[in-house]
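Everything on this sheet refers to the single structure shown next.
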Amino acid sequence: MAETVKNAFRPNYAVPPGDTLKETIEAMGMTQAELAQRTGRPKKTINEIIKGKAAIMPDTAIQLERVLGVPASFWNNLERNYQETLARLKEEEQLQSQIKLLKSFPVASLVKKGWLPKVKSDMEKLKALLNFFGVASISQWQDIWERSQPVFRKSMAFESNRVAVAAWLRKGELEAIQRECKPYKESAFRAALNAIRGLTGETPELFEPEIKRLCADSGVAVVFVPELPGTHLYGATRWIGSTKALIQLSLRGKSDDHLWFTFFHEAGHILLHGKKEVFIEAKDEGCRDIGGGEKEQEANRFAQDLLIPPEKYEAFIKAIRLSESDIQGFAEEIGIAPGIVVGRLQHDEVIPYSAANTLKKRFRFREEKTREKGE
């Protein structure tokens, strides 16, 4: 059945139902005047239907069934298909002028990741792109993703790579819409974060489904979306409606300290900031960016303090030695992955970035592993 739909013939011209009506009455030896008399329709109406100037209305279709013995559904379907084809051809004519904008979008990357179907013609590529974004034209895309989202324009990542960033955000949005979540409840989300903190030492196979489950039960959809080339994204936070929040993560950095800090940073935005705001964290802005805005710094402090209690951290860094075994012991004491402690010490310049990196874990998306096996 799916194959039939996939290969359905879509003509680049529209055949009015009147052509079929004319053939039918001629085969029966009936004139237009006689058909008008038998149906009770004016001769002018019948003539306009045959010439494609008037539509076959449902009541007319029933009358044609009585007179010609051809089911009303047949005539209704002919009319519907005709009108649909006319609308499609008109749309394609309008879209033709927008095809040149395709080159602005990372279509090849979207196809490679399976976010867009593989099609041949530029027109089909454009239609697939519009379907992906859920818009009728590039103009609507600009209204939604540029003109009506001032927060995007404040992000250097969006300013320099707006179409790729928008595609990445849209993919997360689509996954979040499909994710079943209970209505957002702050107390439940705070409890989920405490439970998730204890998962930082686990493997992705264990922590990923648990993060998604715990957050979904508190009204937050967590999605992992590989970044697109040139976007340099770590994560994003926004609300999908009034009862579901979205935390979207890439694996940029691909080490556990980056992943966990970004996750709790995004969680901080949900707890501390408004539902109408969108936060994008990218290289050189957002997470751990000293020059970031006040809200970014608030989210930074939230993540830092939740992962590593400030008083314990201050006591620890006063130690004479900060060897790998010391770091590992401290991480075990406070119940988090040692790589997170390493990342914090490096960021605070307590130890050099070249030190203790063996304690960090590195992650990859399942699709990357699958691709490697396929190669």
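Ligands are numbered from 1 in the order shown, residues from 1 within each chain, and chains are lettered A, B, ... in the order they appear in the structure tokens.
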With only C-alpha atoms as the counted atoms, please give the residues lying no more than 7 Å from stretch 185-191 of chain A, apart from itself and same-chain residues fewer than 2 positions off, as a PyMOL selection string. chain A and resi 183+193-195+215+218-219
At a cut-off of 8 Å, using only C-alpha atoms, what residues contact stretch 107-123 of chain A? Leave out same-chain residues fewer than 6 positions from it and give the result as a list in words.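 Once the nearby chain positions are removed, what remains is Glu92, Leu95, Gln96, Ile99, Leu129, Phe132, Lys171, Leu228 and Pro229 of chain A.
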Let me make sure I understand: among A:Asn300, A:Ser255, A:Gln98, A:Ser139, which one has the smallest atom-to-atom distance to A:Pro338 if we use only C-alpha atoms?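 Going through A:Asn300, A:Ser255, A:Gln98, A:Ser139 one by one, the smallest distance to A:Pro338 is for A:Ser255.
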All strand (DSSP E) positions in stretch 143-238 of chain A, as an MDAnalysis selection string: chainID A and resid 220:224 233:238
How far is it from atom CA of A:Lys312 to atom CA of A:Phe264, in Å with one decimal?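 Taking atom CA of A:Lys312 and atom CA of A:Phe264, their separation equals 18.6 Å.
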Compare A:Lys275, A:Lys318, A:Arg170, A:Lys254 by their minimum atom-to-atom distance to A:Val135, counting only C-alpha atoms, and give me the closest one.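 Ranking A:Lys275, A:Lys318, A:Arg170, A:Lys254 by distance to A:Val135, first place goes to A:Arg170.
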Using only C-alpha atoms, which protein or nucleic acid residues come within 9 Å of stretch 60-64 of chain A? Drop anything in the same chain fewer than 6 positions from it, and give the result as a VMD selection string. chain A and resid 35 38 to 41 70 to 76
Just C-alpha atoms for this one: save the residues we selected as a JSON list (two decimals), in the first residue's frame.
[["chain", "number", "residue", "atom", "x", "y", "z"],
["A", 35, "LEU", "CA", -28.80, 15.76, -19.68],
["A", 38, "ARG", "CA", -33.09, 14.82, -17.04],
["A", 39, "THR", "CA", -31.09, 16.32, -14.12],
["A", 40, "GLY", "CA", -33.20, 19.44, -13.81],
["A", 41, "ARG", "CA", -30.14, 21.61, -14.24],
["A", 70, "VAL", "CA", -22.31, 6.30, -12.53],
["A", 71, "PRO", "CA", -21.88, 6.56, -8.71],
["A", 72, "ALA", "CA", -21.93, 10.04, -7.18],
["A", 73, "SER", "CA", -18.67, 9.20, -5.41],
["A", 74, "PHE", "CA", -16.98, 8.87, -8.81],
["A", 75, "TRP", "CA", -17.97, 12.40, -9.83],
["A", 76, "ASN", "CA", -17.12, 13.81, -6.39]]
Using only C-alpha atoms, which protein or nucleic acid residues come within 7 Å of A:Ala216? Drop anything in the same chain fewer than 3 positions from it, and give the result as an MDAnalysis selection string. chainID A and resid 180:182 212:213 219:221
Pick out each residue of stretch 95-342 of chain A that DSSP on the backbone tags as alpha helix (DSSP H); I need them as an MDAnalysis selection string. chainID A and resid 95:96 107:112 122:133 138:142 150:153 156:160 162:178 186:197 204:216 256:272 294:307 310:317 324:334 338:342
Could you please take those selected residues and save C-alpha atoms as a short mmCIF file (atom, residue, chain, number, x, y, z; two decimals), in the first residue's frame?
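Writing the result to part20.cif gives the following:
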data_model
loop_
_atom_site.label_atom_id
_atom_site.label_comp_id
_atom_site.auth_asym_id
_atom_site.auth_seq_id
_atom_site.Cartn_x
_atom_site.Cartn_y
_atom_site.Cartn_z
CA LEU A 95 7.35 27.85 -5.15
CA GLN A 96 9.36 27.90 -8.37
CA VAL A 107 19.71 19.89 2.53
CA ALA A 108 22.46 17.31 1.92
CA SER A 109 23.21 17.06 5.66
CA LEU A 110 19.51 16.76 6.50
CA VAL A 111 19.12 13.95 3.97
CA LYS A 112 22.26 12.21 5.23
CA ASP A 122 14.69 20.66 -6.63
CA MET A 123 10.93 21.15 -6.34
CA GLU A 124 10.56 17.94 -4.33
CA LYS A 125 13.52 18.93 -2.16
CA LEU A 126 11.89 22.27 -1.44
CA LYS A 127 8.57 20.61 -0.57
CA ALA A 128 10.32 18.14 1.74
CA LEU A 129 12.10 21.02 3.46
CA LEU A 130 8.86 22.93 3.97
CA ASN A 131 7.19 19.78 5.33
CA PHE A 132 10.06 19.32 7.77
CA PHE A 133 9.69 22.86 9.11
CA ILE A 138 10.04 30.14 2.67
CA SER A 139 8.26 33.38 3.57
CA GLN A 140 6.46 31.61 6.42
CA TRP A 141 9.77 30.06 7.47
CA GLN A 142 11.27 33.52 7.73
CA PRO A 150 14.05 37.97 18.57
CA VAL A 151 15.94 35.74 21.00
CA PHE A 152 17.46 33.90 18.03
CA ARG A 153 18.84 37.14 16.65
CA MET A 156 25.73 34.56 17.63
CA ALA A 157 25.15 30.93 16.66
CA PHE A 158 21.80 31.72 15.09
CA GLU A 159 23.05 34.88 13.42
CA SER A 160 25.91 33.14 11.63
CA ARG A 162 20.53 30.58 11.15
CA VAL A 163 19.22 27.94 8.75
CA ALA A 164 21.32 25.11 10.21
CA VAL A 165 20.50 26.13 13.78
CA ALA A 166 16.82 26.40 12.88
CA ALA A 167 16.92 22.89 11.36
CA TRP A 168 18.55 21.50 14.50
CA LEU A 169 15.99 23.21 16.73
CA ARG A 170 13.13 22.00 14.54
CA LYS A 171 14.32 18.40 14.76
CA GLY A 172 14.30 18.64 18.54
CA GLU A 173 10.86 20.23 18.45
CA LEU A 174 9.47 17.40 16.32
CA GLU A 175 10.85 14.77 18.68
CA ALA A 176 9.54 16.64 21.72
CA ILE A 177 6.04 16.91 20.25
CA GLN A 178 5.95 13.13 19.87
CA GLU A 186 8.39 22.07 39.30
CA SER A 187 8.70 19.93 42.43
CA ALA A 188 8.72 16.76 40.33
CA PHE A 189 11.38 18.20 38.04
CA ARG A 190 13.62 19.17 40.95
CA ALA A 191 13.29 15.64 42.32
CA ALA A 192 14.12 14.23 38.88
CA LEU A 193 17.28 16.36 38.70
CA ASN A 194 18.50 14.99 42.03
CA ALA A 195 17.94 11.45 40.78
CA ILE A 196 19.66 12.22 37.45
CA ARG A 197 22.69 13.65 39.25
CA PRO A 204 24.75 6.29 27.93
CA GLU A 205 22.90 2.99 27.50
CA LEU A 206 21.79 3.29 31.14
CA PHE A 207 21.45 7.02 31.74
CA GLU A 208 19.82 8.11 28.47
CA PRO A 209 16.51 6.21 28.88
CA GLU A 210 16.40 7.11 32.58
CA ILE A 211 16.89 10.82 31.91
CA LYS A 212 14.09 10.75 29.36
CA ARG A 213 11.76 8.83 31.67
CA LEU A 214 12.40 10.89 34.80
CA CYS A 215 12.06 14.19 32.97
CA ALA A 216 8.98 13.12 31.02
CA ASP A 256 30.86 13.74 30.13
CA ASP A 257 31.72 17.06 31.76
CA HIS A 258 30.34 18.97 28.75
CA LEU A 259 27.22 16.84 28.51
CA TRP A 260 26.25 16.97 32.16
CA PHE A 261 27.05 20.63 32.66
CA THR A 262 24.97 21.50 29.60
CA PHE A 263 22.05 19.37 30.77
CA PHE A 264 21.91 20.95 34.23
CA HIS A 265 22.49 24.40 32.72
CA GLU A 266 19.42 23.92 30.52
CA ALA A 267 17.49 22.61 33.51
CA GLY A 268 18.40 25.83 35.29
CA HIS A 269 16.79 27.86 32.53
CA ILE A 270 13.55 25.91 32.97
CA LEU A 271 13.47 26.45 36.72
CA LEU A 272 14.70 30.04 36.81
CA GLU A 294 22.77 37.52 33.45
CA LYS A 295 20.38 34.63 32.79
CA GLU A 296 23.17 32.52 31.32
CA GLN A 297 25.29 33.12 34.39
CA GLU A 298 22.35 32.22 36.62
CA ALA A 299 21.97 28.94 34.75
CA ASN A 300 25.73 28.38 35.05
CA ARG A 301 25.64 28.84 38.82
CA PHE A 302 22.63 26.55 39.11
CA ALA A 303 24.44 23.77 37.23
CA GLN A 304 27.72 24.24 39.10
CA ASP A 305 26.13 24.26 42.55
CA LEU A 306 23.82 21.32 41.90
CA LEU A 307 26.60 19.15 40.52
CA PRO A 310 30.01 25.02 46.74
CA GLU A 311 31.23 24.47 50.30
CA LYS A 312 32.63 21.02 49.47
CA TYR A 313 34.24 22.32 46.29
CA GLU A 314 35.96 25.19 48.12
CA ALA A 315 37.30 22.80 50.75
CA PHE A 316 38.53 20.39 48.10
CA ILE A 317 40.49 22.90 46.00
CA GLU A 324 43.76 11.95 39.69
CA SER A 325 43.20 9.71 42.70
CA ASP A 326 42.24 12.74 44.80
CA ILE A 327 39.77 13.85 42.13
CA GLN A 328 38.32 10.38 41.84
CA GLY A 329 37.94 10.10 45.60
CA PHE A 330 36.22 13.48 45.82
CA ALA A 331 33.85 12.56 42.98
CA GLU A 332 32.91 9.34 44.76
CA GLU A 333 32.38 11.25 47.99
CA ILE A 334 29.85 13.66 46.45
CA PRO A 338 34.98 12.28 38.14
CA GLY A 339 35.03 13.82 34.64
CA ILE A 340 32.63 16.51 35.87
CA VAL A 341 35.05 17.45 38.65
CA VAL A 342 37.90 17.55 36.15
#
Take atom CA of A:Asn77 and atom CA of A:Glu91 and report the distance between them in Å, one decimal.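 Spanning atom CA of A:Asn77 to atom CA of A:Glu91 is a straight-line distance of 20.7 Å.
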Restricting the calculation to only C-alpha atoms, which member of A:Arg344, A:Arg252, A:Lys276, A:Lys361 is positioned closest to A:Arg238? A:Lys276
Here is a test: counting only C-alpha atoms, which residue of A:Leu249, A:Ile49, A:Leu21, A:Ala87 is nearest to A:Val67?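 For A:Val67, the nearest of the candidates is A:Leu21.
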Ranking A:Lys43, A:Ser137, A:Leu68, A:Thr243 by minimum distance to A:Gly29 and counting only C-alpha atoms, which one comes first?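 Of A:Lys43, A:Ser137, A:Leu68, A:Thr243, the one nearest A:Gly29, counting only C-alpha atoms, is A:Leu68.
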